[in-house]
Amino acid sequence: MIFVVSTLLFDILHYLLHRWENSRFKLLRTFSSWHWVHHKFLDMNLDIDPRYVRQNFWFHILPEFVTGLIGTLLFLFVFPWPAVAANVVLRIVLLIGTIREEGMDFNHMAMDRVDGQRPLWWVNNSYHALHHVHPHNFFSSFFNLFDLLFGTGNQIAGRRFLLTGASGAYGTAMKERLEREGGIVETAKSGLDFSAGNYEKMREKLERADVLILAHGAKSEDCWNANYRTPVDLTELFIEIGRDRLTAPEVWGLGSEVELHGDMGIDELRDYAASKRAFAARARDFYTSGNLVYRHIVPASFTSAMGKGAMSARTAVAITLFFIKRGFTYVPVTYTTLAVWNYFRFRFIQKPETAELRAAE
């Protein structure tokens, strides 16, 4: 608790240093400019500039240590001194290690590629590298408490989104929300820009995109192509296109609570449920791959052309982005809790069902 809370104090200061960049107070702008030396030391391309080693020590490493140390010593008023002393020793050891490596510790090193796997509760080097690529987000330094609390675990503004199903209720609401928050949204229409086995028109759009959002689908007619084949093919094409990028391509796939409860013996849901379950089985492979960041969105029913739901598409999108901004890769958008329970099926239980996959082919 001492280490986590004292680290959170630095993360708050870290956030403020970025906010003060445009402050009307000169002193705060000066503090902010000192911190930006750290971002020159490890720049947006994740290259180390050795010219800033000494400045990085005085303007980043030492202030981080002092802030964490002060936060640790405050716990002398709460806990017995041995627990506090243990934390002080730990921080000194970490400081010595960072000095010996001239600032290039575990979270600060040159990288050719940021892995697509990102932990949710703690910070590794791939996660912190994203702060240097997107300096106004990803502020957590050891434990991912700050970004979880304040929704700074993803970048929306300035990123390029390619959205399928933009004419549907969810796609329309997503496009509006992303653009309102500064995202650059391009759309692609099933049957016009792509169809099963035909994706040539999509290649140029995917090359421009940072994030692919798969919001198209069907409940009855051609549901296997809409719910399984085209989402899988587009994701695999996006992975291929993004192999040489600094950061792994990102895909948001729209699942369904039907993944958990199946067709419930209802004939008109049979193909829909089977196609959604088949996609979820393939999506699990994407979810665990380091070649992309895959986010599986599982909404309860919402009002759309497919029928009435207990929430609007705008509400579903708002809940979706609430979780995504906090770094979640499995996103339950639910009032039934079924999407929460479905996580265990999605992550640990489900297996591709041969009959369903054959039907998809």
# chains A, B, ... in the order shown; residues from 1 in each chain; ligands from 1

call {"tool": "closest_atom_pairs", "arguments": {"of": "range 219-285 of chain A", "to": "range 106-114 of chain A", "cutoff": "12 Å", "atoms": "only C-alpha atoms", "output": "JSON lines"}}
result
{"residue": "A:Gly242", "atom": "CA", "partner": "A:Arg113", "partner_atom": "CA", "distance": 10.8}
{"residue": "A:Arg243", "atom": "CA", "partner": "A:Arg113", "partner_atom": "CA", "distance": 9.1}
{"residue": "A:Asp244", "atom": "CA", "partner": "A:Arg113", "partner_atom": "CA", "distance": 8.0}
{"residue": "A:Arg245", "atom": "CA", "partner": "A:Arg113", "partner_atom": "CA", "distance": 7.0}
{"residue": "A:Leu246", "atom": "CA", "partner": "A:Arg113", "partner_atom": "CA", "distance": 4.7}
{"residue": "A:Thr247", "atom": "CA", "partner": "A:Val114", "partner_atom": "CA", "distance": 4.8}
{"residue": "A:Ala248", "atom": "CA", "partner": "A:Val114", "partner_atom": "CA", "distance": 6.3}
{"residue": "A:Pro249", "atom": "CA", "partner": "A:Val114", "partner_atom": "CA", "distance": 10.0}
{"residue": "A:Glu250", "atom": "CA", "partner": "A:Val114", "partner_atom": "CA", "distance": 11.8}

call {"tool": "residues_around", "arguments": {"residues": "range 212-219 of chain A", "least_positions_apart": "2", "cutoff": "10 Å", "atoms": "only C-alpha atoms", "output": "PyMOL selection string"}}
result
chain A and resi 160-172+174+185-190+205-206+209-210+221-228+230-232+234-235+238+249-255+268-273+275-276+294-295+297+305-306

call {"tool": "atom_distance", "arguments": {"atom1": "CA of Met202 in chain A", "atom2": "CA of Gly116 in chain A"}}
result
22.3 Å

call {"tool": "select_by_dssp", "arguments": {"residues": "range 57-260 of chain A", "states": "strand (DSSP E or B)", "output": "ChimeraX atom specification"}}
result
/A:114,122,143,160-164,184-188,190,194-195,198,211-214,247,250-254

call {"tool": "closest_atom_pairs", "arguments": {"of": "range 291-343 of chain A", "to": "range 134-144 of chain A", "cutoff": "10 Å", "atoms": "only C-alpha atoms", "output": "CSV"}}
result
residue,atom,partner,partner_atom,distance
A:Lys325,CA,A:Asn137,CA,9.5
A:Arg326,CA,A:Asn144,CA,9.2
A:Gly327,CA,A:Phe138,CA,9.2

call {"tool": "write_last_selection", "arguments": {"atoms": "C-alpha atoms", "output": "compact mmCIF listing (two decimals), in the first residue's frame"}}
result
# COMPACT_ATOMS: atom_id res chain seq x y z
CA LYS A 325 -10.00 4.69 -22.06
CA ARG A 326 -8.98 2.74 -18.97
CA GLY A 327 -7.06 0.19 -21.00

call {"tool": "decode", "arguments": {"residues": "range 50-61 of chain A", "atoms": "all heavy atoms", "output": "CSV table (one decimal), in the first residue's frame"}}
result
chain,number,residue,atom,x,y,z
A,50,PRO,N,21.5,10.3,-26.3
A,50,PRO,CA,22.5,10.3,-25.2
A,50,PRO,C,22.8,11.7,-24.8
A,50,PRO,O,23.4,11.9,-23.7
A,50,PRO,CB,23.7,9.6,-25.8
A,50,PRO,CG,23.5,9.7,-27.3
A,50,PRO,CD,22.0,9.7,-27.5
A,51,ARG,N,22.5,12.8,-25.6
A,51,ARG,CA,22.8,14.1,-25.2
A,51,ARG,C,22.1,14.6,-24.0
A,51,ARG,O,22.4,15.6,-23.3
A,51,ARG,CB,22.5,15.1,-26.4
A,51,ARG,CG,23.4,14.9,-27.6
A,51,ARG,CD,23.0,15.8,-28.7
A,51,ARG,NE,21.6,15.5,-29.1
A,51,ARG,CZ,20.9,16.3,-30.0
A,51,ARG,NH1,21.5,17.3,-30.6
A,51,ARG,NH2,19.7,16.0,-30.3
A,52,TYR,N,21.0,13.9,-23.7
A,52,TYR,CA,20.1,14.3,-22.6
A,52,TYR,C,20.2,13.5,-21.3
A,52,TYR,O,19.4,13.6,-20.4
A,52,TYR,CB,18.6,14.4,-23.0
A,52,TYR,CG,18.4,15.5,-24.1
A,52,TYR,CD1,18.4,15.2,-25.4
A,52,TYR,CD2,18.2,16.8,-23.7
A,52,TYR,CE1,18.1,16.1,-26.4
A,52,TYR,CE2,17.9,17.8,-24.6
A,52,TYR,CZ,17.9,17.4,-26.0
A,52,TYR,OH,17.7,18.4,-26.9
A,53,VAL,N,21.2,12.6,-21.2
A,53,VAL,CA,21.4,11.7,-20.1
A,53,VAL,C,21.5,12.5,-18.8
A,53,VAL,O,20.8,12.2,-17.8
A,53,VAL,CB,22.6,10.8,-20.3
A,53,VAL,CG1,22.9,10.1,-19.0
A,53,VAL,CG2,22.3,9.8,-21.4
A,54,ARG,N,22.4,13.5,-18.8
A,54,ARG,CA,22.6,14.2,-17.5
A,54,ARG,C,21.3,15.1,-17.2
A,54,ARG,O,20.9,15.1,-16.0
A,54,ARG,CB,23.8,15.2,-17.7
A,54,ARG,CG,24.2,15.9,-16.4
A,54,ARG,CD,25.4,16.7,-16.6
A,54,ARG,NE,26.6,15.9,-16.9
A,54,ARG,CZ,27.4,15.4,-16.0
A,54,ARG,NH1,27.1,15.5,-14.7
A,54,ARG,NH2,28.4,14.6,-16.4
A,55,GLN,N,20.7,15.7,-18.1
A,55,GLN,CA,19.6,16.6,-17.9
A,55,GLN,C,18.4,15.7,-17.4
A,55,GLN,O,17.6,16.1,-16.6
A,55,GLN,CB,19.2,17.4,-19.1
A,55,GLN,CG,20.2,18.5,-19.4
A,55,GLN,CD,19.9,19.1,-20.8
A,55,GLN,OE1,20.2,18.5,-21.8
A,55,GLN,NE2,19.2,20.2,-20.8
A,56,ASN,N,18.3,14.5,-18.0
A,56,ASN,CA,17.2,13.6,-17.6
A,56,ASN,C,17.3,13.2,-16.2
A,56,ASN,O,16.3,13.0,-15.5
A,56,ASN,CB,17.3,12.3,-18.5
A,56,ASN,CG,16.1,11.4,-18.2
A,56,ASN,OD1,15.0,11.7,-18.3
A,56,ASN,ND2,16.5,10.1,-17.9
A,57,PHE,N,18.6,13.0,-15.7
A,57,PHE,CA,18.7,12.7,-14.3
A,57,PHE,C,18.2,13.8,-13.4
A,57,PHE,O,17.5,13.6,-12.5
A,57,PHE,CB,20.2,12.4,-14.0
A,57,PHE,CG,20.5,12.3,-12.5
A,57,PHE,CD1,20.2,11.2,-11.8
A,57,PHE,CD2,21.0,13.4,-11.8
A,57,PHE,CE1,20.4,11.0,-10.5
A,57,PHE,CE2,21.2,13.3,-10.4
A,57,PHE,CZ,20.9,12.1,-9.7
A,58,TRP,N,18.6,15.1,-13.7
A,58,TRP,CA,18.3,16.2,-12.8
A,58,TRP,C,16.8,16.6,-12.9
A,58,TRP,O,16.2,17.0,-11.9
A,58,TRP,CB,19.2,17.4,-13.1
A,58,TRP,CG,20.6,17.2,-12.7
A,58,TRP,CD1,21.7,17.0,-13.5
A,58,TRP,CD2,21.1,17.1,-11.3
A,58,TRP,NE1,22.8,16.8,-12.7
A,58,TRP,CE2,22.5,16.9,-11.4
A,58,TRP,CE3,20.5,17.3,-10.1
A,58,TRP,CZ2,23.2,16.8,-10.3
A,58,TRP,CZ3,21.3,17.1,-8.9
A,58,TRP,CH2,22.6,16.9,-9.0
A,59,PHE,N,16.2,16.5,-14.1
A,59,PHE,CA,14.9,17.0,-14.3
A,59,PHE,C,13.8,15.9,-14.3
A,59,PHE,O,12.6,16.3,-14.3
A,59,PHE,CB,14.8,17.7,-15.7
A,59,PHE,CG,15.6,19.0,-15.7
A,59,PHE,CD1,16.4,19.3,-16.8
A,59,PHE,CD2,15.6,19.9,-14.6
A,59,PHE,CE1,17.2,20.4,-16.8
A,59,PHE,CE2,16.3,21.1,-14.7
A,59,PHE,CZ,17.1,21.3,-15.8
A,60,HIS,N,14.2,14.7,-14.3
A,60,HIS,CA,13.1,13.6,-14.2
A,60,HIS,C,13.4,12.6,-13.1
A,60,HIS,O,12.6,12.3,-12.2
A,60,HIS,CB,13.0,12.9,-15.6
A,60,HIS,CG,12.0,11.8,-15.5
A,60,HIS,ND1,10.7,11.9,-15.4
A,60,HIS,CD2,12.3,10.4,-15.5
A,60,HIS,CE1,10.1,10.7,-15.4
A,60,HIS,NE2,11.0,9.8,-15.4
A,61,ILE,N,14.6,11.9,-13.2
A,61,ILE,CA,14.8,10.8,-12.3
A,61,ILE,C,14.9,11.3,-10.8
A,61,ILE,O,14.2,10.7,-10.0
A,61,ILE,CB,16.2,10.1,-12.7
A,61,ILE,CG1,16.1,9.5,-14.1
A,61,ILE,CG2,16.6,9.1,-11.6
A,61,ILE,CD1,17.4,9.0,-14.6
